[in-house]
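Down below is the structure, laid out as structure tokens.
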2 protein chains.
Amino acid sequence: MKPGPTGAGPDSFDFGGVHVSRILITGGAGFLGRRLARRLMSAGGSAPSLTLWDHLPFEGPHGAKVVVVDLLDDANRSAALTGGVDAIVHLAAVVSAQAEADFDLGMRVNLDGTRALLEACRNLDKPPVFVMTSSVAVFGGDLPAKVPDNWAVRPASSYGTEKAIVELLVNEYSRRGVIDGRLLRLPTVVVRPGRPNQAASSFASSIIREPLAGEGAVCPVDPATPMWLMSPDRAIDALVHALALEAGELGLDRVISLPGLSVTVAEMVAALQRVAGKSVAELIDWTPDPAIAAIVQTWPGHFEAVRAKALGFGADTSMDEMIEQHIRDREEHQ
Amino acid sequence: MKPGPTGAGPDSFDFGGVHVSRILITGGAGFLGRRLARRLMSAGGSAPSLTLWDHLPFEGPHGAKVVVVDLLDDANRSAALTGGVDAIVHLAAVVSAQAEADFDLGMRVNLDGTRALLEACRNLDKPPVFVMTSSVAVFGGDLPAKVPDNWAVRPASSYGTEKAIVELLVNEYSRRGVIDGRLLRLPTVVVRPGRPNQAASSFASSIIREPLAGEGAVCPVDPATPMWLMSPDRAIDALVHALALEAGELGLDRVISLPGLSVTVAEMVAALQRVAGKSVAELIDWTPDPAIAAIVQTWPGHFEAVRAKALGFGADTSMDEMIEQHIRDREEHQ
């Protein structure tokens, strides 16, 4: 199964030989959760039976079931799983700057919440496909210019630590046959819609999104900072592709560093200027924030991603196109 | 501070500028715990105030305090720490084959127990030096002939997974200033005294120890299997050296792959024959055990250990000497 073209509708995914009819998405109210749900439901008659979990009520796309579940509440979580499930896409998480500011909260949600969900899978009739996202934040310290697939993780943040631990758990629960895991190390997703959040990477979307909306945005890092990026459409392609991969293609290591686009912050802004003009790019206020810069600087700006490419995962090829994708998105959802 | 010669008594260690007067050893009744306690107490007047924890009562060396503590019991553990401590050597663990056979037990002791101990350190007046052992079992999958310090962990066992997770936790709690961690990836320690245990590596001591005692021993792996070994004396040297290292020498990465001796199982037995004669080596029964072999085969047989050597950690240089060390040990403790 190959990722389809951007938002191409029903034919943009199929699950080949993999029988995945009941899909559960945690963090269903989040940006990726909502977008993945829309993509899955766009398959019309061949759309899966889709359940979206989040800890607060929200409105899901037509045809999807919405459930309010506290991931940390054993009874609540188990009850919500009793109907059975073929695949789980676990996206619920506390973002990076928030996990750094509140260590206990990050550990509870990102580590304990995930472990509890994996434990709950022991009660299912058969191992569900378990797709989850990790992050470039698992890396830190001295890094080669291009990080190879076999490079040691060395997180320099609580968020990165929690994701690195969960990578190990997903591999272990897969090895033990509790789940059939696929863990994607996502590049920083740009351009996210909506408002800034507490992710340390939030600025990377803000410096494109806010100027395009005629608003100012603060860039807290040096223009020379290298970034490893992926557009929302490619991220959803990757999640759908991960759902459809055959377990036999993966072996014991279920952690996949996804391909991405390597650009500096200066190159991002140059693209914004090419696409939208100088006056738009000038809405960016270059005010360093040492706390944000300290976290972002530990993230690598380029990966080899040899294995991911061999497995059929694709990457964006141009910052200009990523900005144009965001402009199209805004127009569609206004 | 340099590791002293084998069992050289009071001068074999000193803590330089590091103020470590109250030391706690968990797993104090275990093989390494007992031996470390003896070494520390051998310093006479300059010996630290030493407390040994274990979950069952046992007799410690003269001058050391023995406490029965359930690591998983919050109140029990916290009460035992209230006196304050300058350094913790955390050795309590469920061994590899046992953790593989009983997943829940291994997770509870090796992961939850360690995390609970790290959490308890948040209540101490100042971050204790926290020395802990990890293992070659954090590695698996396709490995280069010599594993570099920057190679990704990829455990192929529950024990390896638990140790890899704890490595991340020790780094994170150190980064947050809760502890001052030093995590040593120990080679397989050979020759252990006593009886076989449930470690998958138990045979590596058995095939030397039992024949030397005139008993048969089963070797469950292929003679060509490469092993990465360290003698008990070098392991204790490493723990003492880790206690005395300055935090500034370590930076953010507190995980250290120790140097070792790389030999095949066949070379181990050839050394036994050189030291003790052919009739002794012939007491080994070469009966493969696929379950043990499957675990041991995932462990690398050679590491670069560049960083550890730069930090002053030493290795054994000959299998013959490791066997002679065991013969001396037996004579001393009979």
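Residues are named by chain letter and number: chains run A, B, ... in the order of the structure tokens, numbers start at 1 in each chain, and ligands are numbered from 1 in the order shown.
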I want to know what sits within 9 Å of A:Asp320, based on only C-alpha atoms, with residues of the same chain fewer than 3 positions away left out; could you give that as a list in words? Met268, Ala271, Leu272, Arg274, Val275, Thr317, Ile323, Glu324 and Gln325 of chain A
Output file for the residues above (C-alpha atoms, as a compact mmCIF listing (two decimals), in the first residue's frame):
# COMPACT_ATOMS: atom_id res chain seq x y z
CA MET A 268 11.32 28.72 6.07
CA ALA A 271 9.81 30.52 1.39
CA LEU A 272 7.08 32.49 3.15
CA ARG A 274 8.39 33.89 -1.98
CA VAL A 275 4.85 32.59 -1.51
CA THR A 317 9.99 18.14 -1.02
CA ILE A 323 3.03 26.80 2.87
CA GLU A 324 0.70 26.47 -0.11
CA GLN A 325 -0.84 23.35 1.49
Return as JSON lines the residues of chain B lying at most 7 Å from chain A, together with the closest atom-to-atom pair for each and the distance in Å to one decimal, counting only C-alpha atoms, with rows in chain order and ascending residue number.
{"residue": "B:Asn150", "atom": "CA", "partner": "A:Ala152", "partner_atom": "CA", "distance": 5.1}
{"residue": "B:Trp151", "atom": "CA", "partner": "A:Ala152", "partner_atom": "CA", "distance": 5.0}
{"residue": "B:Ala152", "atom": "CA", "partner": "A:Ala152", "partner_atom": "CA", "distance": 3.7}
{"residue": "B:Val153", "atom": "CA", "partner": "A:Ala152", "partner_atom": "CA", "distance": 6.5}
{"residue": "B:Ser158", "atom": "CA", "partner": "A:Glu172", "partner_atom": "CA", "distance": 6.8}
{"residue": "B:Thr161", "atom": "CA", "partner": "A:Leu168", "partner_atom": "CA", "distance": 6.3}
{"residue": "B:Ile165", "atom": "CA", "partner": "A:Ile165", "partner_atom": "CA", "distance": 5.5}
{"residue": "B:Leu168", "atom": "CA", "partner": "A:Thr161", "partner_atom": "CA", "distance": 6.3}
{"residue": "B:Glu172", "atom": "CA", "partner": "A:Ser158", "partner_atom": "CA", "distance": 6.8}
Selection export as a short mmCIF file (atom, residue, chain, number, x, y, z; two decimals), in the first residue's frame, atoms kept: N, CA and C atoms:
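Wrote it out as out22.cif, contents follow:
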data_model
loop_
_atom_site.label_atom_id
_atom_site.label_comp_id
_atom_site.auth_asym_id
_atom_site.auth_seq_id
_atom_site.Cartn_x
_atom_site.Cartn_y
_atom_site.Cartn_z
N ASN B 150 27.68 5.12 20.63
CA ASN B 150 26.49 5.82 20.15
C ASN B 150 25.47 4.92 19.47
N TRP B 151 25.60 3.61 19.62
CA TRP B 151 24.70 2.69 18.94
C TRP B 151 23.35 2.63 19.66
N ALA B 152 22.27 2.59 18.89
CA ALA B 152 20.91 2.55 19.45
C ALA B 152 20.67 1.27 20.25
N VAL B 153 20.06 1.41 21.42
CA VAL B 153 19.63 0.21 22.16
C VAL B 153 18.45 -0.39 21.42
N SER B 158 12.65 -8.83 27.98
CA SER B 158 11.99 -7.92 28.92
C SER B 158 13.02 -7.28 29.85
N THR B 161 14.68 -4.52 28.06
CA THR B 161 13.75 -3.38 27.93
C THR B 161 13.69 -2.60 29.22
N ILE B 165 14.92 1.29 29.76
CA ILE B 165 14.01 2.33 30.25
C ILE B 165 14.62 3.02 31.46
N LEU B 168 17.14 5.63 30.68
CA LEU B 168 16.53 6.91 30.32
C LEU B 168 16.07 7.67 31.56
N GLU B 172 17.27 11.30 32.96
CA GLU B 172 16.27 12.37 33.14
C GLU B 172 16.28 12.92 34.57
#
Provide the atom CA of B:Glu321 to atom CA of B:Ala97 distance in Å, to one decimal place.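 That distance, rounded to one decimal, is 28.1 Å.
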Among stretch 81-257 of chain B, which residues does DSSP mark as alpha helix (DSSP H) when it is run on the backbone? Keep the chain and numbering as in the structure and answer as an mmCIF file with N, CA and C atoms, in the first residue's frame.
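Output file out-v1.cif follows:
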data_model
loop_
_atom_site.group_PDB
_atom_site.id
_atom_site.type_symbol
_atom_site.label_atom_id
_atom_site.label_comp_id
_atom_site.auth_asym_id
_atom_site.auth_seq_id
_atom_site.Cartn_x
_atom_site.Cartn_y
_atom_site.Cartn_z
ATOM 1 N N LEU B 81 14.650 5.922 53.988
ATOM 2 C CA LEU B 81 15.519 6.970 53.427
ATOM 3 C C LEU B 81 15.579 8.213 54.312
ATOM 4 N N SER B 96 17.563 -11.848 34.259
ATOM 5 C CA SER B 96 17.021 -11.849 32.900
ATOM 6 C C SER B 96 16.021 -12.965 32.596
ATOM 7 N N ALA B 97 16.373 -14.211 32.880
ATOM 8 C CA ALA B 97 15.449 -15.289 32.488
ATOM 9 C C ALA B 97 14.174 -15.227 33.328
ATOM 10 N N GLN B 98 14.310 -14.748 34.582
ATOM 11 C CA GLN B 98 13.141 -14.612 35.447
ATOM 12 C C GLN B 98 12.229 -13.490 34.937
ATOM 13 N N ALA B 99 12.832 -12.375 34.513
ATOM 14 C CA ALA B 99 12.045 -11.261 33.974
ATOM 15 C C ALA B 99 11.357 -11.664 32.671
ATOM 16 N N GLU B 100 11.991 -12.570 31.929
ATOM 17 C CA GLU B 100 11.390 -13.042 30.680
ATOM 18 C C GLU B 100 10.211 -13.973 30.972
ATOM 19 N N ALA B 101 10.359 -14.803 32.010
ATOM 20 C CA ALA B 101 9.313 -15.764 32.354
ATOM 21 C C ALA B 101 8.137 -15.091 33.052
ATOM 22 N N PHE B 103 6.749 -11.485 33.197
ATOM 23 C CA PHE B 103 6.813 -10.105 32.700
ATOM 24 C C PHE B 103 6.406 -9.105 33.775
ATOM 25 N N ASP B 104 5.292 -9.399 34.473
ATOM 26 C CA ASP B 104 4.780 -8.438 35.456
ATOM 27 C C ASP B 104 5.766 -8.230 36.607
ATOM 28 N N LEU B 105 6.370 -9.307 37.054
ATOM 29 C CA LEU B 105 7.338 -9.199 38.145
ATOM 30 C C LEU B 105 8.546 -8.360 37.721
ATOM 31 N N GLY B 106 9.061 -8.629 36.538
ATOM 32 C CA GLY B 106 10.218 -7.881 36.052
ATOM 33 C C GLY B 106 9.917 -6.396 35.919
ATOM 34 N N THR B 114 12.664 0.848 40.546
ATOM 35 C CA THR B 114 13.698 1.853 40.330
ATOM 36 C C THR B 114 13.083 3.249 40.251
ATOM 37 N N ARG B 115 11.966 3.358 39.556
ATOM 38 C CA ARG B 115 11.314 4.665 39.442
ATOM 39 C C ARG B 115 10.874 5.165 40.825
ATOM 40 N N ALA B 116 10.367 4.243 41.651
ATOM 41 C CA ALA B 116 9.941 4.632 42.993
ATOM 42 C C ALA B 116 11.138 5.119 43.815
ATOM 43 N N LEU B 117 12.260 4.475 43.646
ATOM 44 C CA LEU B 117 13.464 4.897 44.376
ATOM 45 C C LEU B 117 13.918 6.278 43.896
ATOM 46 N N LEU B 118 13.866 6.501 42.584
ATOM 47 C CA LEU B 118 14.219 7.817 42.034
ATOM 48 C C LEU B 118 13.253 8.875 42.554
ATOM 49 N N GLU B 119 11.968 8.538 42.596
ATOM 50 C CA GLU B 119 10.972 9.478 43.125
ATOM 51 C C GLU B 119 11.270 9.824 44.592
ATOM 52 N N ALA B 120 11.650 8.802 45.353
ATOM 53 C CA ALA B 120 11.942 9.033 46.774
ATOM 54 C C ALA B 120 13.116 10.002 46.938
ATOM 55 N N SER B 158 12.655 -8.826 27.980
ATOM 56 C CA SER B 158 11.994 -7.921 28.921
ATOM 57 C C SER B 158 13.021 -7.275 29.849
ATOM 58 N N TYR B 159 13.986 -8.055 30.290
ATOM 59 C CA TYR B 159 15.044 -7.522 31.164
ATOM 60 C C TYR B 159 15.771 -6.373 30.463
ATOM 61 N N GLY B 160 16.143 -6.592 29.211
ATOM 62 C CA GLY B 160 16.834 -5.547 28.458
ATOM 63 C C GLY B 160 15.971 -4.305 28.293
ATOM 64 N N THR B 161 14.677 -4.515 28.057
ATOM 65 C CA THR B 161 13.753 -3.384 27.929
ATOM 66 C C THR B 161 13.694 -2.596 29.225
ATOM 67 N N GLU B 162 13.574 -3.311 30.339
ATOM 68 C CA GLU B 162 13.474 -2.636 31.641
ATOM 69 C C GLU B 162 14.754 -1.854 31.943
ATOM 70 N N LYS B 163 15.894 -2.442 31.651
ATOM 71 C CA LYS B 163 17.160 -1.744 31.894
ATOM 72 C C LYS B 163 17.294 -0.525 30.974
ATOM 73 N N ALA B 164 16.880 -0.664 29.715
ATOM 74 C CA ALA B 164 16.974 0.456 28.769
ATOM 75 C C ALA B 164 16.074 1.611 29.216
ATOM 76 N N ILE B 165 14.918 1.293 29.756
ATOM 77 C CA ILE B 165 14.011 2.333 30.248
ATOM 78 C C ILE B 165 14.622 3.023 31.462
ATOM 79 N N VAL B 166 15.191 2.250 32.338
ATOM 80 C CA VAL B 166 15.783 2.818 33.548
ATOM 81 C C VAL B 166 16.993 3.696 33.205
ATOM 82 N N GLU B 167 17.734 3.340 32.164
ATOM 83 C CA GLU B 167 18.820 4.213 31.696
ATOM 84 C C GLU B 167 18.269 5.607 31.382
ATOM 85 N N LEU B 168 17.137 5.627 30.683
ATOM 86 C CA LEU B 168 16.526 6.911 30.316
ATOM 87 C C LEU B 168 16.073 7.665 31.565
ATOM 88 N N LEU B 169 15.523 6.943 32.525
ATOM 89 C CA LEU B 169 15.057 7.592 33.756
ATOM 90 C C LEU B 169 16.225 8.155 34.558
ATOM 91 N N VAL B 170 17.306 7.413 34.641
ATOM 92 C CA VAL B 170 18.475 7.903 35.394
ATOM 93 C C VAL B 170 19.031 9.169 34.739
ATOM 94 N N ASN B 171 19.069 9.202 33.428
ATOM 95 C CA ASN B 171 19.504 10.425 32.737
ATOM 96 C C ASN B 171 18.546 11.584 33.016
ATOM 97 N N GLU B 172 17.266 11.303 32.962
ATOM 98 C CA GLU B 172 16.274 12.373 33.135
ATOM 99 C C GLU B 172 16.279 12.916 34.569
ATOM 100 N N TYR B 173 16.298 12.020 35.545
ATOM 101 C CA TYR B 173 16.321 12.476 36.940
ATOM 102 C C TYR B 173 17.647 13.184 37.257
ATOM 103 N N SER B 174 18.698 12.837 36.549
ATOM 104 C CA SER B 174 19.971 13.560 36.725
ATOM 105 C C SER B 174 19.871 14.947 36.101
ATOM 106 N N ARG B 175 19.318 15.018 34.893
ATOM 107 C CA ARG B 175 19.157 16.299 34.207
ATOM 108 C C ARG B 175 18.312 17.250 35.041
ATOM 109 N N SER B 202 23.732 -17.213 33.304
ATOM 110 C CA SER B 202 24.199 -17.993 34.452
ATOM 111 C C SER B 202 25.203 -19.076 34.037
ATOM 112 N N PHE B 203 24.969 -19.659 32.859
ATOM 113 C CA PHE B 203 25.866 -20.724 32.383
ATOM 114 C C PHE B 203 27.321 -20.262 32.274
ATOM 115 N N ALA B 204 27.522 -18.963 31.995
ATOM 116 C CA ALA B 204 28.881 -18.471 31.745
ATOM 117 C C ALA B 204 29.755 -18.612 32.989
ATOM 118 N N SER B 205 29.139 -18.518 34.163
ATOM 119 C CA SER B 205 29.877 -18.808 35.395
ATOM 120 C C SER B 205 29.890 -20.310 35.683
ATOM 121 N N SER B 206 28.748 -20.949 35.443
ATOM 122 C CA SER B 206 28.628 -22.384 35.746
ATOM 123 C C SER B 206 29.693 -23.224 35.047
ATOM 124 N N ILE B 207 29.949 -22.912 33.775
ATOM 125 C CA ILE B 207 30.868 -23.778 33.008
ATOM 126 C C ILE B 207 32.309 -23.651 33.506
ATOM 127 N N ILE B 208 32.601 -22.648 34.305
ATOM 128 C CA ILE B 208 33.922 -22.547 34.932
ATOM 129 C C ILE B 208 33.839 -23.071 36.372
ATOM 130 N N ARG B 209 32.836 -22.561 37.094
ATOM 131 C CA ARG B 209 32.744 -22.786 38.545
ATOM 132 C C ARG B 209 32.481 -24.256 38.902
ATOM 133 N N GLU B 210 31.484 -24.858 38.261
ATOM 134 C CA GLU B 210 31.127 -26.226 38.622
ATOM 135 C C GLU B 210 32.264 -27.218 38.306
ATOM 136 N N PRO B 211 32.834 -27.199 37.105
ATOM 137 C CA PRO B 211 33.949 -28.128 36.852
ATOM 138 C C PRO B 211 35.113 -27.941 37.837
ATOM 139 N N LEU B 212 35.401 -26.678 38.213
ATOM 140 C CA LEU B 212 36.484 -26.460 39.180
ATOM 141 C C LEU B 212 36.156 -27.096 40.528
ATOM 142 N N PRO B 232 34.439 -10.336 38.768
ATOM 143 C CA PRO B 232 33.840 -9.683 39.934
ATOM 144 C C PRO B 232 34.724 -8.542 40.476
ATOM 145 N N ASP B 233 36.035 -8.741 40.549
ATOM 146 C CA ASP B 233 36.895 -7.681 41.092
ATOM 147 C C ASP B 233 36.836 -6.418 40.236
ATOM 148 N N ARG B 234 36.858 -6.588 38.911
ATOM 149 C CA ARG B 234 36.777 -5.417 38.018
ATOM 150 C C ARG B 234 35.400 -4.756 38.130
ATOM 151 N N ALA B 235 34.352 -5.562 38.323
ATOM 152 C CA ALA B 235 33.002 -4.996 38.466
ATOM 153 C C ALA B 235 32.923 -4.128 39.728
ATOM 154 N N ILE B 236 33.521 -4.612 40.815
ATOM 155 C CA ILE B 236 33.520 -3.820 42.050
ATOM 156 C C ILE B 236 34.394 -2.572 41.874
ATOM 157 N N ASP B 237 35.554 -2.723 41.216
ATOM 158 C CA ASP B 237 36.370 -1.541 40.875
ATOM 159 C C ASP B 237 35.510 -0.503 40.156
ATOM 160 N N ALA B 238 34.714 -0.967 39.190
ATOM 161 C CA ALA B 238 33.907 -0.048 38.368
ATOM 162 C C ALA B 238 32.857 0.662 39.222
ATOM 163 N N LEU B 239 32.215 -0.062 40.130
ATOM 164 C CA LEU B 239 31.199 0.551 40.997
ATOM 165 C C LEU B 239 31.847 1.605 41.909
ATOM 166 N N VAL B 240 33.003 1.289 42.457
ATOM 167 C CA VAL B 240 33.702 2.231 43.338
ATOM 168 C C VAL B 240 34.161 3.451 42.530
ATOM 169 N N HIS B 241 34.679 3.192 41.336
ATOM 170 C CA HIS B 241 35.115 4.284 40.457
ATOM 171 C C HIS B 241 33.927 5.186 40.095
ATOM 172 N N ALA B 242 32.772 4.568 39.824
ATOM 173 C CA ALA B 242 31.575 5.339 39.473
ATOM 174 C C ALA B 242 31.121 6.208 40.647
ATOM 175 N N LEU B 243 31.266 5.698 41.870
ATOM 176 C CA LEU B 243 30.910 6.483 43.063
ATOM 177 C C LEU B 243 31.772 7.733 43.167
ATOM 178 N N ALA B 244 33.010 7.611 42.721
ATOM 179 C CA ALA B 244 33.980 8.679 42.962
ATOM 180 C C ALA B 244 34.120 9.671 41.808
#
Any idea what the distance is between atom CA of B:Leu24 and atom CA of B:Phe313?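 Separation between atom CA of B:Leu24 and atom CA of B:Phe313: 22.0 Å.
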Taken to one decimal, the atom CA of A:Lys146-atom CA of A:Val263 distance is 12.6 Å
Find the spatial neighbours of B:Val20, counting only C-alpha atoms, within a cut-off of 12 Å - ignore same-chain residues fewer than 6 positions away - and output them as a ChimeraX atom specification. /B:14,40,46-50,84-89,126-130,240,242-246
Go ahead and save the residues from that selection, with C-alpha atoms, as a tab-separated table (two decimals), in the first residue's frame.
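Full text of out-v4.tsv as output:
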chain	number	residue	atom	x	y	z
B	14	ASP	CA	39.28	6.89	47.96
B	40	LEU	CA	33.89	-0.32	51.13
B	46	SER	CA	37.84	6.04	56.35
B	47	ALA	CA	35.04	3.57	55.55
B	48	PRO	CA	31.66	5.17	54.84
B	49	SER	CA	28.56	4.75	56.94
B	50	LEU	CA	27.04	1.88	55.00
B	84	GLY	CA	19.50	10.90	54.58
B	85	VAL	CA	22.02	9.46	52.18
B	86	ASP	CA	24.90	10.78	50.06
B	87	ALA	CA	25.09	7.92	47.58
B	88	ILE	CA	22.86	5.07	46.48
B	89	VAL	CA	24.14	2.00	44.67
B	126	LYS	CA	20.50	17.16	48.13
B	127	PRO	CA	20.81	15.00	45.02
B	128	PRO	CA	22.55	11.75	45.96
B	129	VAL	CA	25.16	10.15	43.77
B	130	PHE	CA	23.12	7.32	42.19
B	240	VAL	CA	33.70	2.23	43.34
B	242	ALA	CA	31.57	5.34	39.47
B	243	LEU	CA	30.91	6.48	43.06
B	244	ALA	CA	33.98	8.68	42.96
B	245	LEU	CA	33.68	10.27	39.49
B	246	GLU	CA	33.05	14.03	39.41
At a cut-off of 12 Å, using only C-alpha atoms, what residues contact A:Ala270? Leave out same-chain residues fewer than 6 positions from it and give the result as a PDB file with N, CA and C atoms, in the first residue's frame.
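selection.pdb, written as the output of this step:
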ATOM      1  N   ILE A 207       5.266  31.089  12.826  1.00  0.00           N
ATOM      2  CA  ILE A 207       5.956  32.074  11.974  1.00  0.00           C
ATOM      3  C   ILE A 207       5.473  32.022  10.524  1.00  0.00           C
ATOM      4  N   ILE A 208       4.742  30.971  10.157  1.00  0.00           N
ATOM      5  CA  ILE A 208       4.127  30.913   8.827  1.00  0.00           C
ATOM      6  C   ILE A 208       2.654  31.332   8.932  1.00  0.00           C
ATOM      7  N   PRO A 223      17.849  32.247  13.313  1.00  0.00           N
ATOM      8  CA  PRO A 223      17.460  31.911  11.933  1.00  0.00           C
ATOM      9  C   PRO A 223      18.245  30.726  11.366  1.00  0.00           C
ATOM     10  N   VAL A 263      15.266  22.055   6.631  1.00  0.00           N
ATOM     11  CA  VAL A 263      15.429  23.472   6.267  1.00  0.00           C
ATOM     12  C   VAL A 263      15.811  24.260   7.515  1.00  0.00           C
ATOM     13  N   THR A 264      16.466  25.389   7.307  1.00  0.00           N
ATOM     14  CA  THR A 264      16.708  26.276   8.448  1.00  0.00           C
ATOM     15  C   THR A 264      15.485  27.174   8.627  1.00  0.00           C
ATOM     16  N   ALA A 276       4.206  34.562  -0.198  1.00  0.00           N
ATOM     17  CA  ALA A 276       3.214  35.555   0.255  1.00  0.00           C
ATOM     18  C   ALA A 276       3.709  36.999   0.233  1.00  0.00           C
ATOM     19  N   GLY A 277       4.979  37.182  -0.044  1.00  0.00           N
ATOM     20  CA  GLY A 277       5.484  38.557  -0.152  1.00  0.00           C
ATOM     21  C   GLY A 277       6.263  39.016   1.066  1.00  0.00           C
ATOM     22  N   LYS A 278       7.040  40.083   0.812  1.00  0.00           N
ATOM     23  CA  LYS A 278       7.966  40.592   1.825  1.00  0.00           C
ATOM     24  C   LYS A 278       7.233  41.150   3.041  1.00  0.00           C
ATOM     25  N   SER A 279       6.120  41.830   2.795  1.00  0.00           N
ATOM     26  CA  SER A 279       5.414  42.476   3.910  1.00  0.00           C
ATOM     27  C   SER A 279       4.880  41.431   4.894  1.00  0.00           C
ATOM     28  N   VAL A 280       4.516  40.263   4.366  1.00  0.00           N
ATOM     29  CA  VAL A 280       4.043  39.182   5.241  1.00  0.00           C
ATOM     30  C   VAL A 280       5.201  38.655   6.097  1.00  0.00           C
ATOM     31  N   ALA A 281       6.342  38.384   5.436  1.00  0.00           N
ATOM     32  CA  ALA A 281       7.498  37.854   6.171  1.00  0.00           C
ATOM     33  C   ALA A 281       7.979  38.842   7.226  1.00  0.00           C
ATOM     34  N   GLU A 282       7.736  40.116   6.977  1.00  0.00           N
ATOM     35  CA  GLU A 282       8.200  41.128   7.937  1.00  0.00           C
ATOM     36  C   GLU A 282       7.333  41.212   9.194  1.00  0.00           C
ATOM     37  N   ILE A 284       7.201  38.931  11.218  1.00  0.00           N
ATOM     38  CA  ILE A 284       7.879  38.098  12.232  1.00  0.00           C
ATOM     39  C   ILE A 284       8.781  38.952  13.106  1.00  0.00           C
ATOM     40  N   SER A 318       9.313  20.455  -0.634  1.00  0.00           N
ATOM     41  CA  SER A 318       9.545  21.892  -0.750  1.00  0.00           C
ATOM     42  C   SER A 318       8.786  22.659   0.329  1.00  0.00           C
ATOM     43  N   MET A 319       9.463  23.617   0.940  1.00  0.00           N
ATOM     44  CA  MET A 319       8.846  24.468   1.954  1.00  0.00           C
ATOM     45  C   MET A 319       7.729  25.299   1.332  1.00  0.00           C
ATOM     46  N   ASP A 320       7.950  25.752   0.092  1.00  0.00           N
ATOM     47  CA  ASP A 320       6.924  26.547  -0.588  1.00  0.00           C
ATOM     48  C   ASP A 320       5.614  25.762  -0.687  1.00  0.00           C
ATOM     49  N   ILE A 323       3.761  25.562   2.574  1.00  0.00           N
ATOM     50  CA  ILE A 323       3.030  26.804   2.870  1.00  0.00           C
ATOM     51  C   ILE A 323       1.755  26.863   2.022  1.00  0.00           C
TER      52      ILE A 323
END
